[in-house]
Each structure stands twice: as structure tokens, then as C-alpha cells.
$ cat query32.cif   # mmCIF, C-alpha atoms and all ligand atoms
data_upload
loop_
_atom_site.label_atom_id
_atom_site.label_comp_id
_atom_site.auth_asym_id
_atom_site.auth_seq_id
_atom_site.Cartn_x
_atom_site.Cartn_y
_atom_site.Cartn_z
CA MET A 1 -139.84 146.52 -84.85
CA ALA A 2 -137.82 145.24 -81.97
CA THR A 3 -135.17 147.92 -82.32
CA LYS A 4 -135.42 151.39 -80.88
CA LYS A 5 -134.07 153.04 -84.02
CA THR A 6 -135.54 156.30 -85.17
CA THR A 7 -135.91 157.11 -88.81
CA THR A 8 -133.19 159.71 -88.27
CA GLN A 9 -130.69 156.88 -87.84
CA ARG A 10 -132.08 155.12 -90.86
CA ARG A 11 -130.84 155.85 -94.33
CA PRO A 12 -132.07 154.23 -97.51
CA GLY A 13 -129.70 151.61 -98.82
CA PRO A 14 -128.86 151.05 -102.48
CA ASP A 15 -131.92 151.15 -104.73
CA GLY A 16 -133.92 152.81 -101.98
CA LEU A 17 -134.27 149.59 -100.03
CA GLY A 18 -134.54 149.62 -96.27
CA ALA A 19 -131.42 150.33 -94.23
CA SER A 20 -132.05 147.08 -92.37
CA GLY A 21 -130.82 145.26 -95.44
CA ALA A 22 -133.99 143.20 -95.19
CA ALA A 23 -134.76 143.39 -98.88
CA ASP A 24 -133.32 140.33 -100.52
CA GLY A 25 -134.06 141.19 -104.14
CA ARG A 26 -136.75 138.54 -104.67
CA ALA A 27 -140.15 139.84 -105.73
CA ILE A 28 -142.81 139.32 -103.10
CA ILE A 29 -145.37 141.17 -105.25
CA ALA A 30 -145.43 141.25 -109.05
CA PHE A 31 -147.90 143.04 -111.38
CA HIS A 32 -147.58 142.26 -115.08
CA HIS A 33 -149.62 144.42 -117.50
CA VAL A 34 -152.56 144.51 -115.12
CA ASP A 35 -155.99 145.94 -115.97
CA LEU A 36 -158.76 146.14 -113.39
CA GLU A 37 -162.35 146.92 -114.29
CA TYR A 38 -165.17 147.31 -111.80
CA ASP A 39 -168.43 146.75 -113.70
CA ASP A 40 -167.80 149.16 -116.57
CA GLN A 41 -165.39 151.40 -114.68
CA MET A 42 -161.73 151.03 -115.68
CA ALA A 43 -159.75 151.42 -112.44
CA LEU A 44 -156.28 150.28 -113.57
CA SER A 45 -154.74 150.01 -116.98
CA ASP A 46 -151.54 148.18 -117.98
CA VAL A 47 -149.85 148.42 -114.57
CA THR A 48 -146.49 146.65 -114.29
CA PHE A 49 -144.16 146.74 -111.28
CA SER A 50 -142.68 144.41 -108.71
CA VAL A 51 -141.76 144.80 -105.06
CA ALA A 52 -138.84 143.01 -103.44
CA ASN A 53 -139.08 141.18 -100.17
CA GLY A 54 -138.53 143.69 -97.34
CA GLU A 55 -138.97 146.80 -99.48
CA PHE A 56 -140.81 149.99 -98.39
CA VAL A 57 -142.87 151.48 -101.22
CA CYS A 58 -145.00 154.61 -101.26
CA LEU A 59 -147.94 154.65 -103.66
CA THR A 60 -149.17 158.10 -104.49
CA GLY A 61 -151.59 159.89 -106.80
CA PRO A 62 -154.78 161.93 -106.63
CA SER A 63 -158.15 160.71 -105.44
CA GLY A 64 -159.51 158.05 -107.81
CA ALA A 65 -156.04 157.33 -109.24
CA GLY A 66 -156.20 153.63 -108.39
CA LYS A 67 -154.10 153.39 -105.20
CA SER A 68 -156.64 151.39 -103.18
CA SER A 69 -157.32 149.21 -106.21
CA ILE A 70 -153.63 148.23 -106.34
CA LEU A 71 -153.70 147.35 -102.64
CA ARG A 72 -156.93 145.37 -103.13
CA LEU A 73 -155.28 143.36 -105.87
CA VAL A 74 -152.31 142.59 -103.61
CA ALA A 75 -154.74 141.37 -100.92
CA MET A 76 -156.65 139.42 -103.61
CA ASP A 77 -159.75 141.26 -102.60
CA ALA A 78 -160.07 141.91 -106.35
CA PHE A 79 -158.74 139.94 -109.33
CA PRO A 80 -157.21 141.44 -112.47
CA THR A 81 -159.42 141.71 -115.53
CA LYS A 82 -156.29 141.32 -117.66
CA GLY A 83 -152.64 140.63 -116.89
CA GLN A 84 -151.15 138.88 -113.90
CA VAL A 85 -150.74 139.60 -110.19
CA ILE A 86 -148.50 137.27 -108.19
CA VAL A 87 -148.17 137.65 -104.42
CA ARG A 88 -145.75 135.43 -102.49
CA GLY A 89 -145.59 133.15 -105.48
CA MET A 90 -149.37 132.74 -105.75
CA PRO A 91 -151.04 133.95 -108.96
CA ALA A 92 -154.27 135.91 -108.43
CA THR A 93 -156.75 133.81 -110.33
CA ARG A 94 -160.30 132.91 -109.49
CA MET A 95 -159.15 129.28 -109.40
CA ASN A 96 -156.90 130.16 -106.48
CA ARG A 97 -159.72 131.81 -104.48
CA GLY A 98 -159.71 128.97 -101.94
CA ARG A 99 -156.11 129.82 -101.02
CA VAL A 100 -156.77 133.52 -100.39
CA PRO A 101 -157.41 133.14 -96.60
CA GLU A 102 -154.01 131.44 -96.31
CA LEU A 103 -152.37 134.34 -98.18
CA ARG A 104 -154.17 136.96 -96.06
CA ARG A 105 -152.56 135.52 -92.94
CA GLU A 106 -149.32 136.81 -94.39
CA ILE A 107 -150.74 140.29 -94.96
CA GLY A 108 -151.52 143.01 -92.41
CA PHE A 109 -153.92 145.87 -93.22
CA VAL A 110 -154.10 149.42 -91.95
CA PHE A 111 -156.77 151.86 -93.16
CA GLN A 112 -157.42 155.59 -93.00
CA ASP A 113 -160.43 155.11 -90.69
CA PHE A 114 -158.65 152.66 -88.32
CA ARG A 115 -161.52 150.10 -88.40
CA LEU A 116 -161.18 149.07 -84.76
CA LEU A 117 -163.90 147.19 -82.90
CA GLU A 118 -165.47 150.04 -80.92
CA ASP A 119 -166.83 147.89 -78.08
CA ARG A 120 -163.54 146.07 -77.47
CA SER A 121 -160.53 147.29 -75.55
CA VAL A 122 -157.17 147.99 -77.19
CA GLU A 123 -155.80 144.60 -76.17
CA GLU A 124 -158.97 142.78 -77.27
CA ASN A 125 -158.76 144.45 -80.67
CA VAL A 126 -155.21 143.19 -81.12
CA ALA A 127 -155.91 139.77 -79.62
CA PHE A 128 -158.86 139.28 -81.98
CA ALA A 129 -156.50 139.08 -84.97
CA GLN A 130 -154.75 136.14 -83.28
CA LEU A 131 -157.95 134.43 -82.09
CA VAL A 132 -159.30 134.19 -85.64
CA VAL A 133 -156.19 132.33 -86.79
CA GLY A 134 -156.28 129.95 -83.83
CA VAL A 135 -153.18 131.02 -81.87
CA PRO A 136 -153.06 129.40 -78.37
CA HIS A 137 -154.19 131.62 -75.50
CA LEU A 138 -150.89 132.01 -73.68
CA GLN A 139 -149.15 132.86 -76.93
CA ILE A 140 -151.78 135.51 -77.65
CA LEU A 141 -151.14 137.21 -74.30
CA GLN A 142 -147.41 137.33 -74.99
CA ASN A 143 -147.78 138.55 -78.55
CA VAL A 144 -150.32 141.25 -77.65
CA MET A 145 -148.06 142.53 -74.88
CA ARG A 146 -145.10 142.58 -77.27
CA VAL A 147 -146.77 144.54 -80.08
CA LEU A 148 -148.55 146.98 -77.75
CA THR A 149 -145.19 147.72 -76.12
CA GLN A 150 -143.65 148.25 -79.56
CA VAL A 151 -146.27 150.82 -80.52
CA GLY A 152 -146.05 152.48 -77.09
CA LEU A 153 -149.60 151.65 -75.97
CA TYR A 154 -149.20 148.90 -73.40
CA ASP A 155 -150.24 151.29 -70.62
CA LYS A 156 -153.49 152.06 -72.46
CA ARG A 157 -154.34 148.44 -73.24
CA HIS A 158 -157.61 148.48 -71.26
CA ARG A 159 -159.03 151.57 -72.98
CA LEU A 160 -161.74 151.54 -75.63
CA PRO A 161 -160.88 153.05 -79.04
CA ARG A 162 -163.02 156.16 -78.34
CA GLN A 163 -160.81 156.87 -75.31
CA LEU A 164 -157.77 157.25 -77.57
CA SER A 165 -156.55 159.99 -79.91
CA GLY A 166 -156.64 159.38 -83.68
CA GLY A 167 -152.89 158.71 -83.76
CA GLU A 168 -153.19 156.24 -80.88
CA GLN A 169 -156.06 154.46 -82.63
CA GLN A 170 -153.91 154.15 -85.73
CA ARG A 171 -151.09 152.70 -83.60
CA VAL A 172 -153.53 150.09 -82.29
CA ALA A 173 -154.47 149.30 -85.89
CA ILE A 174 -150.77 148.87 -86.74
CA ALA A 175 -150.27 146.63 -83.68
CA ARG A 176 -153.25 144.54 -84.80
CA ALA A 177 -151.85 144.34 -88.33
CA MET A 178 -148.43 143.26 -87.03
CA VAL A 179 -149.40 140.77 -84.34
CA ASN A 180 -149.52 137.83 -86.76
CA SER A 181 -146.03 138.75 -88.06
CA PRO A 182 -147.14 139.34 -91.66
CA LYS A 183 -144.68 139.37 -94.54
CA ILE A 184 -146.51 142.32 -96.14
CA LEU A 185 -148.16 145.35 -94.54
CA LEU A 186 -150.68 147.25 -96.70
CA ALA A 187 -151.38 150.71 -95.31
CA ASP A 188 -154.10 152.54 -97.28
CA GLU A 189 -153.98 156.28 -96.48
CA PRO A 190 -153.04 155.52 -92.85
CA THR A 191 -152.26 159.19 -92.21
CA GLY A 192 -155.32 160.60 -93.98
CA ASN A 193 -157.18 161.49 -90.78
CA LEU A 194 -154.19 162.72 -88.82
CA ASP A 195 -152.46 166.05 -88.29
CA PRO A 196 -148.92 166.41 -89.72
CA VAL A 197 -147.09 165.67 -86.46
CA THR A 198 -149.12 162.54 -85.76
CA ALA A 199 -148.84 161.51 -89.41
CA GLN A 200 -145.05 161.67 -89.08
CA GLU A 201 -145.19 159.47 -85.97
CA ILE A 202 -147.22 156.88 -87.86
CA ILE A 203 -144.77 156.92 -90.78
CA ASP A 204 -141.87 156.50 -88.34
CA LEU A 205 -143.67 153.51 -86.90
CA LEU A 206 -144.15 152.03 -90.37
CA PHE A 207 -140.42 152.45 -91.00
CA ARG A 208 -139.73 150.49 -87.82
CA VAL A 209 -142.12 147.78 -88.99
CA ASN A 210 -140.13 147.68 -92.23
CA ASP A 211 -136.86 147.49 -90.28
CA SER A 212 -138.07 144.20 -88.85
CA GLY A 213 -138.16 142.80 -92.42
CA THR A 214 -141.83 143.35 -93.31
CA CYS A 215 -142.50 144.66 -96.80
CA VAL A 216 -144.60 147.84 -96.51
CA LEU A 217 -146.87 149.33 -99.20
CA PHE A 218 -148.15 152.68 -98.06
CA SER A 219 -150.60 154.83 -100.02
CA THR A 220 -151.10 158.56 -99.69
CA HIS A 221 -152.34 161.44 -101.82
CA ASP A 222 -150.46 163.89 -99.61
CA HIS A 223 -147.62 165.56 -101.54
CA GLU A 224 -146.00 166.87 -98.38
CA ILE A 225 -145.55 163.34 -97.08
CA VAL A 226 -144.12 162.17 -100.40
CA LYS A 227 -141.57 165.02 -100.34
CA THR A 228 -140.12 163.68 -97.10
CA PHE A 229 -139.82 160.22 -98.52
CA GLY A 230 -136.40 158.70 -99.16
CA GLN A 231 -137.77 155.37 -100.35
CA ARG A 232 -139.28 154.13 -103.59
CA VAL A 233 -142.32 156.07 -104.82
CA LEU A 234 -144.83 154.78 -107.38
CA VAL A 235 -147.04 157.50 -108.89
CA VAL A 236 -150.43 156.48 -110.29
CA ASP A 237 -153.00 158.65 -112.03
CA GLY A 238 -156.07 157.73 -114.02
CA GLY A 239 -155.36 154.05 -113.40
CA LYS A 240 -151.90 154.20 -114.99
CA LEU A 241 -148.50 153.88 -113.38
CA LEU A 242 -146.83 157.18 -114.30
CA SER A 243 -143.49 156.74 -112.57
CA ASP A 244 -141.54 154.37 -110.38
CA GLU A 245 -138.77 156.26 -108.67
CA ARG A 246 -136.11 154.78 -106.45
CA ARG A 247 -134.73 157.76 -104.61
CA ARG A 248 -131.02 157.31 -104.33
CA VAL A 249 -130.31 160.60 -102.57
CA PRO A 250 -130.96 160.13 -98.87
CA ILE A 251 -133.67 162.51 -97.76
CA ASP A 252 -132.93 164.25 -94.50
CA ARG A 253 -135.10 162.23 -92.19
CA SER A 254 -134.05 164.27 -89.19
CA ALA A 255 -136.43 166.92 -90.47
CA SER A 256 -139.99 166.06 -89.62
CA LEU A 257 -142.91 166.39 -91.97
CA VAL A 258 -143.82 169.57 -90.13
CA ASP A 259 -140.34 171.00 -90.76
CA HIS A 260 -140.76 170.27 -94.45
CA MET A 261 -144.14 171.93 -94.53
CA TYR A 262 -143.07 175.12 -92.83
CA ARG A 263 -139.51 175.43 -94.11
CA ALA A 264 -138.52 178.05 -96.70
CA PRO A 265 -138.91 176.72 -100.27
CA ALA A 266 -135.13 176.55 -100.97
CA GLU A 267 -134.57 174.47 -97.86
CA ALA A 268 -137.58 172.33 -98.58
CA ALA A 269 -135.95 171.38 -101.88
CA GLY A 270 -133.51 169.36 -99.78
CA ALA A 271 -130.42 171.59 -99.85
CA VAL A 272 -129.99 171.87 -96.09
CA GLN A 273 -128.92 169.07 -93.76
CA ARG A 274 -130.35 169.48 -90.30
CA PRO A 275 -128.93 168.02 -87.09
CA ALA A 276 -130.26 164.56 -86.27
CA ARG A 277 -133.20 164.39 -83.94
CA LYS A 278 -132.00 162.57 -80.85
CA GLU A 279 -135.04 160.84 -79.42
CA PRO A 280 -137.35 158.35 -81.07
CA VAL A 281 -140.95 159.49 -81.20
CA HIS A 282 -142.24 156.30 -79.59
CA ALA A 283 -139.55 154.08 -78.24
N1 LIG B 301 -166.14 149.06 -105.98
C1 LIG B 301 -166.04 149.88 -107.02
N2 LIG B 301 -166.96 149.87 -108.03
C2 LIG B 301 -166.84 150.67 -109.11
N3 LIG B 301 -165.82 151.54 -109.28
C3 LIG B 301 -164.89 151.62 -108.29
C4 LIG B 301 -164.95 150.80 -107.12
N4 LIG B 301 -163.89 151.10 -106.34
C5 LIG B 301 -163.20 152.07 -106.98
N5 LIG B 301 -163.79 152.37 -108.16
C6 LIG B 301 -163.31 153.33 -109.15
O1 LIG B 301 -162.00 152.95 -109.53
C7 LIG B 301 -161.15 154.07 -109.65
C8 LIG B 301 -159.95 153.92 -108.73
O2 LIG B 301 -160.42 153.94 -107.39
P1 LIG B 301 -159.47 153.77 -106.14
O3 LIG B 301 -160.37 153.59 -104.95
O4 LIG B 301 -158.51 152.69 -106.42
O5 LIG B 301 -158.72 155.18 -106.11
P2 LIG B 301 -157.77 155.81 -104.99
O6 LIG B 301 -156.53 156.26 -105.69
O7 LIG B 301 -157.61 154.86 -103.87
O8 LIG B 301 -158.60 157.09 -104.53
P3 LIG B 301 -158.70 157.79 -103.07
O9 LIG B 301 -157.44 158.59 -102.89
O10 LIG B 301 -159.91 158.67 -103.20
O11 LIG B 301 -158.88 156.72 -102.05
C9 LIG B 301 -162.02 155.29 -109.37
O12 LIG B 301 -162.44 155.81 -110.61
C10 LIG B 301 -163.18 154.74 -108.59
O13 LIG B 301 -164.35 155.49 -108.82
MG MG B 302 -158.14 154.91 -101.85
#
$ encode --input "query32.cif" --output "C-alpha cells"
Amino acid sequence: MATKKTTTQRRPGPDGLGASGAADGRAIIAFHHVDLEYDDQMALSDVTFSVANGEFVCLTGPSGAGKSSILRLVAMDAFPTKGQVIVRGMPATRMNRGRVPELRREIGFVFQDFRLLEDRSVEENVAFAQLVVGVPHLQILQNVMRVLTQVGLYDKRHRLPRQLSGGEQQRVAIARAMVNSPKILLADEPTGNLDPVTAQEIIDLLFRVNDSGTCVLFSTHDHEIVKTFGQRVLVVDGGKLLSDERRRVPIDRSASLVDHMYRAPAEAAGAVQRPARKEPVHA
């Protein structure tokens, strides 16, 4: 996240891994024939995939497909009914429950509805994530300043969440998720409440997070967003993993999500290369 790269300068590397070269081929997340049942409701069935360290993966599928359930399993907020989930080398078993807080320190979360503390300022929201893990005060000040600068909100650090736009609130949520330097960022429908332009800005920011070496799992049911995606896409439906596609053809990232949505169908199919956008959205 320290670089000022835009996604237009970023092209997927071999196997759809990040252009940063951060992915080192080792699995940071592994699902092996996983079933998940809530009471009597089957949410996931025989799901197998793995994610390499530093990879950027989009999880897509309709409402109720099982996207959030997959993210919950990664966070060990749920445990598989059958099969095995291993995150950073730790198997998700009830026996390992005591070690879950330790694992969660390595995971940042971003949600559709932001989930900020409404009575705390932007900087207090971000600082809170460091306070709960016992970071020394001076270090907190430095880290909060760093991440708020990275998401372009340092000037608005004293505002309350309600004094920000939806996109700005989501950027605060991303800053809060990143301040503890997690190895994995789970973003569950982070663009679900945002207009297409703001959604694109948030995705650009997630790409920059990934450029710093953080593995990103991002869920969306929005087909337009998936079309613009040059990275790996996992499609789930009815609790099953339908496809796992590593997109080898670089998608033209210079075109924004809005361009894709309003472009003529032939162009939208990816035939036309557009000139690179010069400026980063939030540098
Ligand atoms: N806590 C729960 N108790 C019982 N069933 C649940 C629970 N959470 C989810 N489910 C069910 O599990 C299935 C998968 O839900 P999940 O939330 O993972 O879907 P999703 O793909 O994230 O959907 P959406 O796009 O609407 O967020 C659905 O059938 C849902 O009704
Ligand atoms: Mg969901």
C-alpha cells in the first residue's frame, strides 16, 4: 500500500497472481472437501480450493450461494461440518478454538455495511483496532497516520462516520482492517452499498493493499465488477464451487467499472484496449 501505483499500471502476473510478485506459491488458505451446515441448512458442500500467499481472489455467486460462509470459515467464525479448512497452517477444529484470537490478528475484515463505531472519530475507529491488541500509544499514532494517509483520509481524521460519504466510510473500514498489517484481508461485499464509481475506487484500493503483499479475498454478487476482474475468480452457487478461473488474459484495467457498464457490448467483451488512465484515484 505504500506505493502510488494505480491499477492501470498493474497487470496480473502468471496464474493471475498480483503484479507485485508477492504471491509465493505457498497456500495461506486451504479448503479440502468442505461441508458447512447451519442447524439443518446446508450452506456449503464439498468445497475444495486453496489460495497462495499474496494472491487476490474474487468470490462471486448469487445471494445465498455461500460466499459469506466461505469467508466465515477462513476467519474461523464457523467450523466445517465435514472436510478440512487450514488457514496459515492452523486447522479449523473445535480443539483449536483457543488459538482463533491469535489467528484473527492476522486477518483484516471489511463488510458491506462498514461497521464503524458511530460515536468515534475516523482516527479513533482505526486506533481502536490497535488498542485491542495492545500496541503502544506512540506506535498507534504513527500507524493510524500512515494508514489514513494511504487511504487518502488523513485530513478527515477528526470527523465522525456520519460526516463521511459511503465510499469514505468504506476507506476508513479498510484503513482499520489494514492497521495491524494482516496477512489476509477478507472483504465481504465491500462495494455492495456503493455506486459504480465509488465501488471502482474501493477495488483499486484493495488492489493496492494486495500490492503490499496482503492476500485479499473479496466477495461480490455484482457481475459488472467481475467482468472487470483480471485476477482469479471463484464462482459459488447453491453451496458448491462451480468454477475456479485464473484469468490469464490481462483485463484492460485502464477502463473503469463505469466504462465497462456503459460501453457497447462488443467493446465490453474486452476487444478494445483503451489508453491508460494517468492519475491514481486516491494517491
Ligand atoms: N447463521 C445462519 N443460520 C442458518 N443458515 C444460514 C446462516 N447463515 C447463512 N445461512 C444460509 O446459508 C446459505 C449461504 O449463506 P451465505 O450467507 O454464505 O450466502 P452469500 O453468498 O453470502 O449470500 P449474500 O450474497 O446474500 O450475502 C444460505 O442458504 C443462507 O440462508
Ligand atoms: Mg454474504
$ closest_atom_pairs --input "query32.cif" --of "chain A" --to "ligand LIG 301 (chain B)" --cutoff "9 Å" --atoms "all atoms listed in the file" --output "Markdown table"
| residue | atom | partner | partner_atom | distance |
| --- | --- | --- | --- | --- |
| A:Leu36 | CA | B:LIG301 | O1 | 8.5 |
| A:Glu37 | CA | B:LIG301 | N3 | 7.6 |
| A:Tyr38 | CA | B:LIG301 | C2 | 4.6 |
| A:Asp39 | CA | B:LIG301 | C2 | 6.2 |
| A:Asp40 | CA | B:LIG301 | C2 | 7.7 |
| A:Gln41 | CA | B:LIG301 | N3 | 5.4 |
| A:Met42 | CA | B:LIG301 | O1 | 6.4 |
| A:Ala43 | CA | B:LIG301 | O1 | 4.0 |
| A:Leu44 | CA | B:LIG301 | C8 | 7.1 |
| A:Leu59 | CA | B:LIG301 | O6 | 9.0 |
| A:Thr60 | CA | B:LIG301 | O6 | 7.7 |
| A:Gly61 | CA | B:LIG301 | O6 | 6.2 |
| A:Pro62 | CA | B:LIG301 | O9 | 5.7 |
| A:Ser63 | CA | B:LIG301 | O9 | 3.4 |
| A:Gly64 | CA | B:LIG301 | O5 | 3.4 |
| A:Ala65 | CA | B:LIG301 | O6 | 3.7 |
| A:Gly66 | CA | B:LIG301 | O4 | 3.2 |
| A:Lys67 | CA | B:LIG301 | O6 | 3.8 |
| A:Ser68 | CA | B:LIG301 | O7 | 3.7 |
| A:Ser69 | CA | B:LIG301 | O4 | 3.7 |
| A:Ile70 | CA | B:LIG301 | O4 | 6.6 |
| A:Leu71 | CA | B:LIG301 | O4 | 8.1 |
| A:Arg72 | CA | B:LIG301 | O4 | 8.2 |
| A:Asp188 | CA | B:LIG301 | O7 | 7.8 |
| A:Glu189 | CA | B:LIG301 | O11 | 7.4 |
| A:Ser219 | CA | B:LIG301 | O7 | 8.0 |
| A:Thr220 | CA | B:LIG301 | O9 | 7.1 |
| A:His221 | CA | B:LIG301 | O9 | 5.9 |
| A:Val236 | CA | B:LIG301 | O6 | 7.6 |
| A:Asp237 | CA | B:LIG301 | O6 | 7.6 |
| A:Gly238 | CA | B:LIG301 | O12 | 7.5 |
| A:Gly239 | CA | B:LIG301 | C8 | 6.5 |
$ atom_distance --input "query32.cif" --atom1 "CA of Asn210 (chain A)" --atom2 "CA of Leu194 (chain A)"
20.9 Å
$ closest_residue --input "query32.cif" --among "A:Ala92, A:Leu242, A:Leu186, A:Met76" --to "ligand MG 302 (chain B)" --atoms "all atoms listed in the file"
A:Leu186
$ axis_aligned_box --input "query32.cif" --around "region 27-43 of chain A" --padding-each-side "3 Å" --output "lines of an AutoDock Vina configuration file"
center_x = -154.3
center_y = 145.4
center_z = -110.3
size_x = 34.3
size_y = 18.1
size_z = 20.4
$ closest_residue --input "query32.cif" --among "A:Phe229, A:Phe111, A:Tyr154, A:Phe207" --to "ligand MG 302 (chain B)" --atoms "only C-alpha atoms and all ligand atoms"
A:Phe111
$ closest_residue --input "query32.cif" --among "A:Thr228, A:Gln112, A:Gln130, A:Asn180" --to "ligand MG 302 (chain B)" --atoms "only C-alpha atoms and all ligand atoms"
A:Gln112
$ residues_near_point --input "query32.cif" --point "(-161.8, 156.3, -82.9)" --cutoff "9 Å" --atoms "all atoms listed in the file" --output "count of residues only"
15
$ residues_around --input "query32.cif" --residues "Val135 (chain A)" --least-positions-apart "6" --cutoff "12 Å" --atoms "only C-alpha atoms" --output "mmCIF file with C-alpha atoms, in the coordinates of the input"
data_model
loop_
_atom_site.group_PDB
_atom_site.id
_atom_site.type_symbol
_atom_site.label_atom_id
_atom_site.label_comp_id
_atom_site.auth_asym_id
_atom_site.auth_seq_id
_atom_site.Cartn_x
_atom_site.Cartn_y
_atom_site.Cartn_z
ATOM 1 C CA ARG A 105 -152.560 135.520 -92.940
ATOM 2 C CA ALA A 127 -155.910 139.770 -79.620
ATOM 3 C CA PHE A 128 -158.860 139.280 -81.980
ATOM 4 C CA ALA A 129 -156.500 139.080 -84.970
ATOM 5 C CA LEU A 141 -151.140 137.210 -74.300
ATOM 6 C CA GLN A 142 -147.410 137.330 -74.990
ATOM 7 C CA ASN A 143 -147.780 138.550 -78.550
ATOM 8 C CA VAL A 144 -150.320 141.250 -77.650
ATOM 9 C CA VAL A 179 -149.400 140.770 -84.340
ATOM 10 C CA ASN A 180 -149.520 137.830 -86.760
#
$ atom_distance --input "query32.cif" --atom1 "CA of Ala27 (chain A)" --atom2 "CA of Ser50 (chain A)"
6.0 Å
$ closest_residue --input "query32.cif" --among "A:Val172, A:Leu241, A:Ala177, A:Val226" --to "Gln200 (chain A)" --atoms "only C-alpha atoms"
A:Val226
$ atom_distance --input "query32.cif" --atom1 "CA of Ser121 (chain A)" --atom2 "CA of Val209 (chain A)"
22.8 Å
